[in-house]
file start.cif (mmCIF, C-alpha atoms)
data_target
loop_
_atom_site.label_atom_id
_atom_site.label_comp_id
_atom_site.auth_asym_id
_atom_site.auth_seq_id
_atom_site.Cartn_x
_atom_site.Cartn_y
_atom_site.Cartn_z
CA MET N 231 -35.69 30.75 -2.50
CA ILE N 232 -32.05 31.62 -1.96
CA THR N 233 -29.88 31.85 -5.06
CA LEU N 234 -26.88 29.54 -4.89
CA SER N 235 -23.51 30.88 -5.91
CA SER N 236 -22.04 29.94 -9.27
CA ARG N 237 -19.03 28.78 -7.28
CA VAL N 238 -20.87 25.98 -5.48
CA GLN N 239 -22.78 25.03 -8.62
CA ARG N 240 -19.49 24.21 -10.37
CA ILE N 241 -18.91 21.21 -8.13
CA ARG N 242 -20.59 17.91 -7.29
CA PRO N 243 -20.91 16.18 -3.93
CA SER N 244 -18.03 13.85 -3.08
CA PRO N 245 -18.96 10.47 -4.66
CA SER N 246 -17.14 8.51 -1.99
CA SER N 247 -18.84 10.34 0.86
CA MET N 248 -22.23 9.95 -0.81
CA ALA N 249 -21.65 6.22 -1.37
CA THR N 250 -20.65 5.66 2.24
CA GLY N 251 -23.83 7.43 3.35
CA ARG N 252 -25.90 5.28 0.98
CA VAL N 253 -24.43 2.09 2.44
CA LYS N 254 -25.46 3.22 5.93
CA GLU N 255 -28.99 3.97 4.72
CA LEU N 256 -29.38 0.54 3.12
CA ARG N 257 -28.08 -1.24 6.20
CA ALA N 258 -30.58 0.69 8.31
CA GLN N 259 -33.28 -0.76 6.03
CA GLY N 260 -32.11 -4.25 6.95
CA ARG N 261 -30.07 -5.12 3.85
CA ASN N 262 -26.87 -7.11 4.30
CA ILE N 263 -24.63 -4.69 2.43
CA ILE N 264 -20.92 -5.41 2.08
CA GLY N 265 -19.55 -1.88 1.96
CA LEU N 266 -16.26 -1.55 0.10
CA THR N 267 -16.47 2.20 -0.50
CA SER N 268 -15.00 3.67 2.66
CA GLY N 269 -11.43 4.97 2.53
CA GLU N 270 -10.62 4.50 6.18
CA PRO N 271 -8.79 1.82 8.17
CA ASP N 272 -10.93 -0.78 9.93
CA PHE N 273 -8.46 -0.86 12.84
CA ASP N 274 -9.01 1.05 16.07
CA THR N 275 -6.94 4.10 16.96
CA PRO N 276 -4.01 2.77 19.06
CA PRO N 277 -4.59 2.95 22.84
CA HIS N 278 -1.62 5.22 23.59
CA ILE N 279 -3.09 7.86 21.27
CA ILE N 280 -6.52 7.66 22.88
CA GLU N 281 -4.92 7.87 26.32
CA ALA N 282 -3.00 10.98 25.28
CA ALA N 283 -6.23 12.62 24.15
CA TYR N 284 -7.92 11.70 27.44
CA ALA N 285 -5.01 13.07 29.44
CA ALA N 286 -5.14 16.30 27.44
CA MET N 287 -8.82 16.73 28.19
CA LYS N 288 -8.28 16.05 31.88
CA ALA N 289 -5.48 18.63 31.89
CA GLY N 290 -7.82 21.26 30.46
CA LYS N 291 -6.34 21.33 26.95
CA THR N 292 -9.76 21.94 25.46
CA ARG N 293 -9.47 25.60 24.51
CA TYR N 294 -8.48 27.50 21.38
CA THR N 295 -4.91 27.02 20.22
CA ALA N 296 -2.81 28.99 17.79
CA VAL N 297 -4.43 28.77 14.35
CA GLU N 298 -1.37 27.04 12.90
CA GLY N 299 -1.22 24.40 15.62
CA ILE N 300 0.36 23.97 19.04
CA PRO N 301 4.13 24.56 19.06
CA GLU N 302 5.05 21.09 20.29
CA LEU N 303 3.05 19.44 17.48
CA ARG N 304 4.65 21.63 14.83
CA ARG N 305 8.08 20.71 16.18
CA ALA N 306 7.11 17.03 16.15
CA ILE N 307 6.03 17.38 12.50
CA CYS N 308 9.42 18.92 11.67
CA ASP N 309 11.09 15.96 13.37
CA LYS N 310 8.88 13.51 11.46
CA PHE N 311 9.69 15.10 8.11
CA LYS N 312 13.42 14.96 8.87
CA ARG N 313 13.39 11.44 10.33
CA GLU N 314 11.20 9.75 7.74
CA ASN N 315 11.55 11.91 4.63
CA GLY N 316 14.89 13.70 4.87
CA LEU N 317 13.17 17.10 4.70
CA GLU N 318 14.35 20.10 6.72
CA PHE N 319 11.63 22.41 8.04
CA THR N 320 11.36 24.88 10.88
CA PRO N 321 8.06 25.26 12.78
CA ASP N 322 7.17 28.46 10.90
CA GLN N 323 7.06 26.34 7.73
CA ILE N 324 4.39 24.02 9.19
CA VAL N 325 0.62 24.39 9.32
CA VAL N 326 -1.83 22.03 11.04
CA GLY N 327 -5.39 21.79 9.75
CA ASN N 328 -8.66 19.94 10.11
CA GLY N 329 -7.58 16.99 8.00
CA GLY N 330 -5.42 16.79 4.91
CA LYS N 331 -8.48 17.77 2.88
CA GLN N 332 -8.56 21.23 4.44
CA ILE N 333 -4.83 21.65 3.90
CA ILE N 334 -5.23 20.95 0.17
CA PHE N 335 -8.24 23.24 -0.09
CA ASN N 336 -6.46 26.06 1.74
CA ALA N 337 -3.39 25.78 -0.49
CA LEU N 338 -5.51 26.03 -3.63
CA THR N 339 -7.58 28.90 -2.26
CA CYS N 340 -4.43 30.84 -1.40
CA THR N 341 -2.82 30.43 -4.81
CA VAL N 342 -5.37 29.79 -7.58
CA ASP N 343 -6.97 32.71 -9.43
CA ASP N 344 -9.66 32.47 -12.08
CA GLY N 345 -8.31 30.60 -15.08
CA ASP N 346 -5.22 29.21 -13.37
CA GLU N 347 -4.57 25.57 -14.24
CA VAL N 348 -3.93 22.64 -11.91
CA ILE N 349 -2.54 19.44 -13.42
CA VAL N 350 -4.26 16.36 -12.00
CA PRO N 351 -3.13 12.88 -13.08
CA ALA N 352 -6.04 10.48 -13.55
CA PRO N 353 -7.22 8.27 -11.96
CA TYR N 354 -7.40 10.90 -9.22
CA TRP N 355 -8.85 11.35 -5.76
CA VAL N 356 -12.35 12.68 -6.33
CA SER N 357 -11.84 16.05 -4.60
CA TYR N 358 -8.84 17.43 -6.49
CA PRO N 359 -10.73 18.64 -9.61
CA ASP N 360 -13.69 19.99 -7.66
CA MET N 361 -11.51 21.87 -5.19
CA THR N 362 -9.79 23.44 -8.19
CA LEU N 363 -13.12 24.38 -9.78
CA LEU N 364 -14.45 25.83 -6.55
CA ASN N 365 -11.49 28.21 -6.49
CA GLY N 366 -12.02 29.34 -10.07
CA GLY N 367 -9.24 27.19 -11.46
CA VAL N 368 -9.16 24.81 -14.39
CA PRO N 369 -8.32 21.16 -13.66
CA VAL N 370 -6.11 19.80 -16.43
CA ILE N 371 -6.68 16.06 -16.36
CA VAL N 372 -3.82 13.87 -17.59
CA THR N 373 -5.03 10.33 -18.17
CA CYS N 374 -2.49 7.73 -17.05
CA ALA N 375 -2.78 4.31 -18.67
CA ALA N 376 -3.08 1.05 -16.78
CA GLU N 377 -0.20 -0.21 -18.91
CA ALA N 378 1.97 2.53 -17.36
CA GLY N 379 0.92 1.53 -13.86
CA TYR N 380 -1.54 4.43 -13.75
CA LYS N 381 1.42 6.81 -13.41
CA MET N 382 2.11 10.00 -15.32
CA LYS N 383 5.06 10.03 -17.66
CA PRO N 384 7.41 13.04 -17.95
CA GLU N 385 6.35 13.70 -21.53
CA GLN N 386 2.70 13.84 -20.45
CA LEU N 387 3.57 16.38 -17.77
CA GLU N 388 5.56 18.47 -20.24
CA ALA N 389 2.66 18.49 -22.70
CA ALA N 390 0.17 19.56 -20.00
CA ILE N 391 2.11 22.62 -18.79
CA THR N 392 1.02 26.01 -20.09
CA PRO N 393 1.74 29.61 -18.98
CA ARG N 394 -1.38 29.36 -16.76
CA THR N 395 -0.24 26.24 -14.90
CA LYS N 396 -0.01 26.85 -11.15
CA TRP N 397 0.21 23.37 -9.59
CA LEU N 398 0.87 19.72 -10.25
CA ILE N 399 -0.90 17.53 -7.67
CA LEU N 400 0.83 14.21 -6.97
CA ASN N 401 -0.82 11.56 -4.79
CA SER N 402 1.55 8.67 -4.16
CA PRO N 403 0.52 6.05 -3.19
CA CYS N 404 -2.63 6.96 -5.01
CA ASN N 405 -6.29 6.81 -4.18
CA PRO N 406 -7.91 5.04 -6.10
CA THR N 407 -5.28 2.89 -7.83
CA GLY N 408 -2.60 2.33 -5.19
CA ALA N 409 0.02 3.40 -7.75
CA ALA N 410 3.23 4.76 -6.20
CA TYR N 411 6.07 6.61 -7.90
CA THR N 412 9.64 5.34 -7.56
CA ARG N 413 12.55 7.61 -6.77
CA GLU N 414 13.59 7.51 -10.42
CA GLU N 415 10.11 8.41 -11.64
CA LEU N 416 9.90 11.36 -9.25
CA ALA N 417 13.31 12.57 -10.41
CA ALA N 418 12.14 12.45 -14.03
CA LEU N 419 9.04 14.50 -13.19
CA GLY N 420 11.22 16.90 -11.21
CA ALA N 421 13.42 17.50 -14.25
CA VAL N 422 10.32 18.69 -16.12
CA ILE N 423 9.15 20.94 -13.28
CA GLU N 424 12.62 22.46 -13.01
CA ARG N 425 12.30 23.77 -16.57
CA HIS N 426 9.09 25.63 -15.66
CA PRO N 427 9.74 27.94 -12.70
CA HIS N 428 6.11 29.08 -12.46
CA VAL N 429 4.86 25.55 -11.64
CA TRP N 430 4.60 24.29 -8.06
CA VAL N 431 4.10 20.74 -6.81
CA MET N 432 1.60 19.64 -4.17
CA THR N 433 2.28 16.15 -2.85
CA ASP N 434 -0.42 14.24 -0.98
CA ASP N 435 1.52 11.60 0.99
CA ILE N 436 -1.31 10.41 3.22
CA TYR N 437 -0.74 6.71 2.33
CA GLU N 438 3.02 6.93 2.80
CA HIS N 439 3.30 4.02 5.26
CA LEU N 440 1.01 1.66 3.37
CA VAL N 441 3.29 0.20 0.68
CA TYR N 442 3.86 -3.41 -0.32
CA ASP N 443 6.32 -5.85 -1.88
CA ASP N 444 9.42 -4.10 -0.48
CA PHE N 445 8.56 -0.83 -2.24
CA VAL N 446 10.50 2.09 -0.73
CA PHE N 447 8.47 5.28 -0.37
CA THR N 448 10.06 8.63 -1.21
CA THR N 449 8.42 12.02 -1.49
CA PHE N 450 8.91 14.56 -4.27
CA ALA N 451 10.93 17.17 -2.33
CA GLN N 452 13.17 14.45 -0.92
CA VAL N 453 14.13 13.35 -4.43
CA ASN N 454 14.18 16.90 -5.85
CA PRO N 455 15.71 19.12 -3.14
CA GLN N 456 16.32 21.85 -5.71
CA LEU N 457 12.52 22.21 -5.90
CA ALA N 458 11.86 22.24 -2.16
CA GLU N 459 10.79 25.89 -2.18
CA ARG N 460 8.21 25.11 -4.86
CA THR N 461 6.83 22.00 -3.14
CA LEU N 462 4.08 21.71 -0.54
CA THR N 463 4.36 18.35 1.24
CA ILE N 464 1.04 17.26 2.76
CA ASN N 465 0.43 14.44 5.20
CA GLY N 466 -1.72 13.54 8.19
CA VAL N 467 -2.52 10.93 10.80
CA SER N 468 -5.75 9.54 9.39
CA LYS N 469 -4.57 6.51 7.42
CA ALA N 470 -1.35 5.33 9.11
CA PHE N 471 -2.73 5.76 12.64
CA ALA N 472 -6.42 4.93 12.01
CA MET N 473 -7.47 8.45 13.00
CA THR N 474 -9.82 9.46 10.20
CA GLY N 475 -12.43 10.94 12.53
CA TRP N 476 -9.87 12.98 14.48
CA ARG N 477 -9.51 15.29 11.44
CA LEU N 478 -5.85 16.20 11.66
CA GLY N 479 -3.67 16.99 8.65
CA TYR N 480 -0.53 19.03 8.19
CA ALA N 481 1.85 20.40 5.60
CA GLY N 482 5.36 21.72 5.25
CA GLY N 483 6.30 24.32 2.66
CA SER N 484 7.67 27.74 1.86
CA ARG N 485 7.14 30.40 4.53
CA PRO N 486 5.09 32.81 2.36
CA LEU N 487 2.67 30.05 1.34
CA ILE N 488 2.33 28.67 4.87
CA LYS N 489 1.76 32.19 6.22
CA ALA N 490 -1.04 32.74 3.68
CA MET N 491 -2.64 29.40 4.54
CA ILE N 492 -2.61 30.29 8.24
CA LYS N 493 -4.24 33.64 7.46
CA LEU N 494 -6.97 31.93 5.47
CA GLN N 495 -7.57 29.35 8.19
CA SER N 496 -7.84 32.12 10.78
CA GLN N 497 -10.91 33.39 8.91
CA SER N 498 -12.50 29.98 8.31
CA THR N 499 -12.20 27.18 10.87
CA GLY N 500 -9.49 28.52 13.12
CA ASN N 501 -7.35 25.90 14.81
CA ALA N 502 -7.74 22.16 14.47
CA SER N 503 -9.27 20.45 17.49
CA SER N 504 -7.04 20.94 20.52
CA VAL N 505 -7.68 17.36 21.64
CA SER N 506 -6.88 15.97 18.19
CA GLN N 507 -3.62 17.91 18.21
CA SER N 508 -2.58 16.26 21.48
CA ALA N 509 -3.52 12.89 20.02
CA ALA N 510 -1.51 13.60 16.85
CA LEU N 511 1.48 14.59 18.96
CA ALA N 512 1.32 11.18 20.65
CA ALA N 513 0.99 9.50 17.25
CA LEU N 514 4.06 11.20 15.77
CA THR N 515 6.26 10.81 18.84
CA GLY N 516 5.08 7.43 20.17
CA PRO N 517 5.52 3.80 19.10
CA THR N 518 4.76 2.90 15.48
CA ASP N 519 5.54 -0.82 15.47
CA PHE N 520 1.81 -1.62 15.02
CA ILE N 521 1.89 -0.08 11.53
CA GLU N 522 3.93 -3.00 10.19
CA GLY N 523 1.37 -5.49 11.51
CA TRP N 524 -1.45 -3.56 9.88
CA ARG N 525 0.53 -3.31 6.65
CA ARG N 526 0.98 -7.08 6.51
CA GLN N 527 -2.76 -7.57 6.96
CA TYR N 528 -3.50 -5.09 4.19
CA GLN N 529 -1.09 -6.88 1.88
CA ALA N 530 -2.74 -10.24 2.57
CA ARG N 531 -6.12 -8.69 1.76
CA ARG N 532 -4.74 -7.14 -1.41
CA ASP N 533 -3.31 -10.46 -2.55
CA LEU N 534 -6.63 -12.21 -1.92
CA LEU N 535 -8.49 -9.64 -4.01
CA ILE N 536 -6.03 -9.80 -6.89
CA ASP N 537 -6.34 -13.58 -7.00
CA LYS N 538 -10.14 -13.69 -6.74
CA LEU N 539 -10.94 -10.80 -9.05
CA ASN N 540 -8.60 -11.88 -11.83
CA ALA N 541 -10.36 -15.27 -11.84
CA ILE N 542 -13.61 -13.56 -12.91
CA ASP N 543 -14.25 -13.38 -16.66
CA GLY N 544 -14.49 -9.78 -17.82
CA VAL N 545 -12.58 -8.33 -14.86
CA HIS N 546 -8.88 -7.47 -14.82
CA CYS N 547 -7.27 -6.21 -11.62
CA PRO N 548 -3.77 -4.67 -11.61
CA THR N 549 -1.67 -5.13 -8.48
CA PRO N 550 -1.40 -1.89 -6.46
CA THR N 551 1.88 -0.86 -4.84
CA GLY N 552 0.31 0.95 -1.90
CA ALA N 553 -2.78 2.39 -0.15
CA PHE N 554 -5.72 0.03 0.50
CA TYR N 555 -7.55 0.03 -2.80
CA VAL N 556 -7.68 -2.02 -5.95
CA TYR N 557 -8.91 -0.53 -9.22
CA PRO N 558 -10.12 -3.36 -11.48
CA SER N 559 -11.13 -2.82 -15.08
CA CYS N 560 -14.61 -4.04 -16.00
CA ALA N 561 -14.17 -3.38 -19.72
CA GLY N 562 -14.90 -7.03 -20.48
CA LEU N 563 -18.40 -6.64 -19.05
CA ILE N 564 -19.49 -3.50 -20.89
CA GLY N 565 -22.28 -4.23 -23.37
CA LYS N 566 -23.50 -7.35 -21.59
CA LYS N 567 -27.08 -7.69 -20.34
CA THR N 568 -28.58 -8.55 -16.98
CA THR N 569 -31.24 -11.23 -16.62
CA THR N 570 -33.86 -8.48 -16.85
CA GLY N 571 -32.45 -7.20 -20.14
CA THR N 572 -30.68 -4.11 -18.80
CA VAL N 573 -27.48 -3.32 -20.69
CA ILE N 574 -24.33 -2.69 -18.64
CA ASP N 575 -23.23 0.26 -20.75
CA ASN N 576 -20.74 1.87 -18.35
CA ASP N 577 -19.06 1.35 -15.00
CA SER N 578 -21.76 3.28 -13.13
CA ALA N 579 -24.33 0.80 -14.41
CA PHE N 580 -22.12 -2.09 -13.31
CA VAL N 581 -21.71 -0.63 -9.83
CA MET N 582 -25.48 -0.19 -9.47
CA TYR N 583 -25.99 -3.74 -10.73
CA LEU N 584 -23.70 -5.10 -7.99
CA LEU N 585 -25.54 -3.10 -5.34
CA ASP N 586 -29.03 -3.99 -6.55
CA THR N 587 -28.48 -7.71 -7.12
CA GLN N 588 -25.69 -8.71 -4.73
CA ASP N 589 -25.68 -6.06 -1.98
CA VAL N 590 -22.05 -5.19 -2.72
CA ALA N 591 -21.15 -1.50 -2.65
CA VAL N 592 -18.12 -0.33 -4.66
CA LEU N 593 -17.36 2.94 -6.46
CA GLN N 594 -17.49 3.61 -10.18
CA GLY N 595 -14.33 4.54 -12.08
CA GLU N 596 -16.13 7.50 -13.63
CA ALA N 597 -15.79 9.30 -10.29
CA TYR N 598 -12.01 8.97 -10.52
CA GLY N 599 -11.60 10.02 -14.12
CA VAL N 600 -10.78 6.70 -15.82
CA SER N 601 -13.42 4.22 -17.02
CA PRO N 602 -14.60 1.50 -17.24
CA ALA N 603 -13.35 0.45 -13.82
CA PHE N 604 -14.40 0.33 -10.19
CA ARG N 605 -12.69 0.91 -6.87
CA ILE N 606 -12.70 -1.52 -3.97
CA SER N 607 -11.40 -0.56 -0.54
CA PHE N 608 -9.80 -3.50 1.22
CA ALA N 609 -9.84 -1.77 4.59
CA THR N 610 -12.14 -4.52 5.85
CA SER N 611 -11.86 -8.13 6.97
CA ILE N 612 -10.66 -11.06 4.88
CA GLU N 613 -14.03 -12.73 5.45
CA GLN N 614 -15.92 -9.74 4.07
CA LEU N 615 -13.62 -9.54 1.05
CA GLU N 616 -14.00 -13.25 0.30
CA GLU N 617 -17.80 -12.98 0.43
CA ALA N 618 -17.74 -9.83 -1.70
CA CYS N 619 -15.66 -11.55 -4.37
CA ARG N 620 -18.04 -14.51 -4.34
CA ARG N 621 -20.98 -12.17 -4.88
CA ILE N 622 -19.20 -10.24 -7.62
CA ALA N 623 -18.38 -13.50 -9.40
CA VAL N 624 -22.05 -14.54 -9.24
CA ALA N 625 -23.14 -11.18 -10.63
CA CYS N 626 -20.65 -11.32 -13.51
CA ALA N 627 -21.54 -14.93 -14.37
CA SER N 628 -25.20 -13.93 -14.61
CA LEU N 629 -24.53 -11.41 -17.38
CA ALA N 630 -25.29 -12.49 -20.93
#

call {"tool": "encode", "arguments": {"input": "start.cif", "output": "structure tokens"}}
result
Amino acid sequence: MITLSSRVQRIRPSPSSMATGRVKELRAQGRNIIGLTSGEPDFDTPPHIIEAAYAAMKAGKTRYTAVEGIPELRRAICDKFKRENGLEFTPDQIVVGNGGKQIIFNALTCTVDDGDEVIVPAPYWVSYPDMTLLNGGVPVIVTCAAEAGYKMKPEQLEAAITPRTKWLILNSPCNPTGAAYTREELAALGAVIERHPHVWVMTDDIYEHLVYDDFVFTTFAQVNPQLAERTLTINGVSKAFAMTGWRLGYAGGSRPLIKAMIKLQSQSTGNASSVSQSAALAALTGPTDFIEGWRRQYQARRDLLIDKLNAIDGVHCPTPTGAFYVYPSCAGLIGKKTTTGTVIDNDSAFVMYLLDTQDVAVLQGEAYGVSPAFRISFATSIEQLEEACRRIAVACASLA
């Protein structure tokens, strides 16, 4: 039997990916599962993007490209950063990868040595700590309270920084909570980072366009231009343009870091799909008016969930500012028993209880670093969400 590396044994499979796979398995068995685990839009990729991909294929744009991405896409990304975020980049400061996930992984691999620390506010996207561990780093988890909107305070950041700190990872709006940092909050965090010149900031802005209630999105380097050289700004087309399966992410940052990330990618995957790059070019340079319509639908779904979930005894659901997730607390249900006598002793038990008794699939808060809670994706229809809430209410009412 082959001996697995200690590196891969440090990490666990992605809980969200595993849960999505489990939902598909159960549906194949004939169960009527309402799957609320998947972090991808339920809308179709817009037609003009699909047409651009088709035209690229017909034109023979199906071969290798430069590892860092085709020149016209990198220029379009520079234009996007300037137009929407007030950030100035040149194409040699841009790298295109196979999804934002690869961009994050490459950045950590290029910079983290054994024992280096990466500050990760919790609740966090499930892959940040494991990517850090895989690269020999130490994830420093900073728990952010629901009372603080699940956002890290400057004093928490200050307390977490040590001489071994390499990165702070900021995801705003956040998966799983939908929390988003205001301009003032980013400035306060920037003031802390400015005092520690060895610390860099990685911003995951993938949910940038999905914000609600007149919230104005800003990114860290936009608010803290004095830290632009120490900031890697990451984005992609998956969420705003419903292009999750196209696997296209990108980043803008300092030239030495981008150069190292390109070198690494040249020895791993090489370029992102040539067809996906043509599609992304159409996404970033074409019409975006559809995003507002999608955003309004997401907000209506969010509002429905907040209303329905907060009417359930034992469940409390904060109102997210962005993304397409809610992160309700189930603290009021811990310690209760099912009709068969099983004790709901943590959020994982509650999630399994919902799946086993009501065919509702959600994700446990334990996977995101803050319990007891669970994550619901509202990237699905109003009808599905209404039925899910009805089932959840039945399950909770059945607990003694």

call {"tool": "closest_residue", "arguments": {"input": "start.cif", "among": "N:Cys560, N:Ala306, N:Ala249, N:Leu629", "to": "Ala510 of chain N", "atoms": "all atoms listed in the file"}}
result
N:Ala306

call {"tool": "atom_distance", "arguments": {"input": "start.cif", "atom1": "atom CA of Phe554 of chain N", "atom2": "atom CA of Gly408 of chain N"}}
result
6.9 Å

call {"tool": "closest_residue", "arguments": {"input": "start.cif", "among": "N:Glu617, N:Glu596, N:Asp533, N:Asp322", "to": "Cys308 of chain N", "atoms": "all atoms listed in the file"}}
result
N:Asp322

call {"tool": "resolve_selection", "arguments": {"input": "start.cif", "expression": "the PyMOL selection byres ((chain N and resi 562) around 7)", "output": "PyMOL selection string"}}
result
chain N and resi 544-545+560-561+563-564

call {"tool": "write_last_selection", "arguments": {"input": "start.cif", "atoms": "C-alpha atoms", "output": "PDB file, in the frame of the given file"}}
result
ATOM      1  CA  GLY N 544     -14.490  -9.780 -17.820  1.00  0.00           C
ATOM      2  CA  VAL N 545     -12.580  -8.330 -14.860  1.00  0.00           C
ATOM      3  CA  CYS N 560     -14.610  -4.040 -16.000  1.00  0.00           C
ATOM      4  CA  ALA N 561     -14.170  -3.380 -19.720  1.00  0.00           C
ATOM      5  CA  LEU N 563     -18.400  -6.640 -19.050  1.00  0.00           C
ATOM      6  CA  ILE N 564     -19.490  -3.500 -20.890  1.00  0.00           C
TER       7      ILE N 564
END

call {"tool": "closest_residue", "arguments": {"input": "start.cif", "among": "N:Gln497, N:Gln588, N:Gln323, N:Thr250", "to": "Tyr480 of chain N", "atoms": "all atoms listed in the file"}}
result
N:Gln323

call {"tool": "residues_around", "arguments": {"input": "start.cif", "residues": "Gly595 of chain N", "least_positions_apart": "5", "cutoff": "10 Å", "atoms": "all atoms listed in the file", "output": "compact mmCIF listing (two decimals) with C-alpha atoms, keeping the file's coordinate frame"}}
result
# COMPACT_ATOMS: atom_id res chain seq x y z
CA PRO N 353 -7.22 8.27 -11.96
CA TYR N 354 -7.40 10.90 -9.22
CA PRO N 406 -7.91 5.04 -6.10
CA TYR N 557 -8.91 -0.53 -9.22
CA PRO N 558 -10.12 -3.36 -11.48
CA SER N 559 -11.13 -2.82 -15.08
CA CYS N 560 -14.61 -4.04 -16.00
CA ASN N 576 -20.74 1.87 -18.35
CA ASP N 577 -19.06 1.35 -15.00
CA SER N 578 -21.76 3.28 -13.13
CA VAL N 581 -21.71 -0.63 -9.83
CA VAL N 600 -10.78 6.70 -15.82
CA SER N 601 -13.42 4.22 -17.02
CA PRO N 602 -14.60 1.50 -17.24
CA ALA N 603 -13.35 0.45 -13.82
CA PHE N 604 -14.40 0.33 -10.19
CA ARG N 605 -12.69 0.91 -6.87

call {"tool": "residues_around", "arguments": {"input": "start.cif", "residues": "segment 441-447 of chain N", "least_positions_apart": "3", "cutoff": "12 Å", "atoms": "only C-alpha atoms", "output": "ChimeraX atom specification"}}
result
/N:314-316,402-404,408-416,435-438,450,452-453,470,521-522,524-533,549-555

call {"tool": "atom_distance", "arguments": {"input": "start.cif", "atom1": "atom CA of Gly516 of chain N", "atom2": "atom CA of Gly299 of chain N"}}
result
18.7 Å

call {"tool": "resolve_selection", "arguments": {"input": "start.cif", "expression": "the PyMOL selection byres ((chain N and resi 462) around 8)", "output": "list in words"}}
result
Trp430, Val431, Met432, Thr433, Ala458, Arg460, Thr461, Thr463, Ile464, Ala481, Gly482, Gly483 and Ser484 of chain N

call {"tool": "closest_residue", "arguments": {"input": "start.cif", "among": "N:Gly329, N:Gly251, N:Gly366, N:Pro393", "to": "Ala502 of chain N", "atoms": "all atoms listed in the file"}}
result
N:Gly329
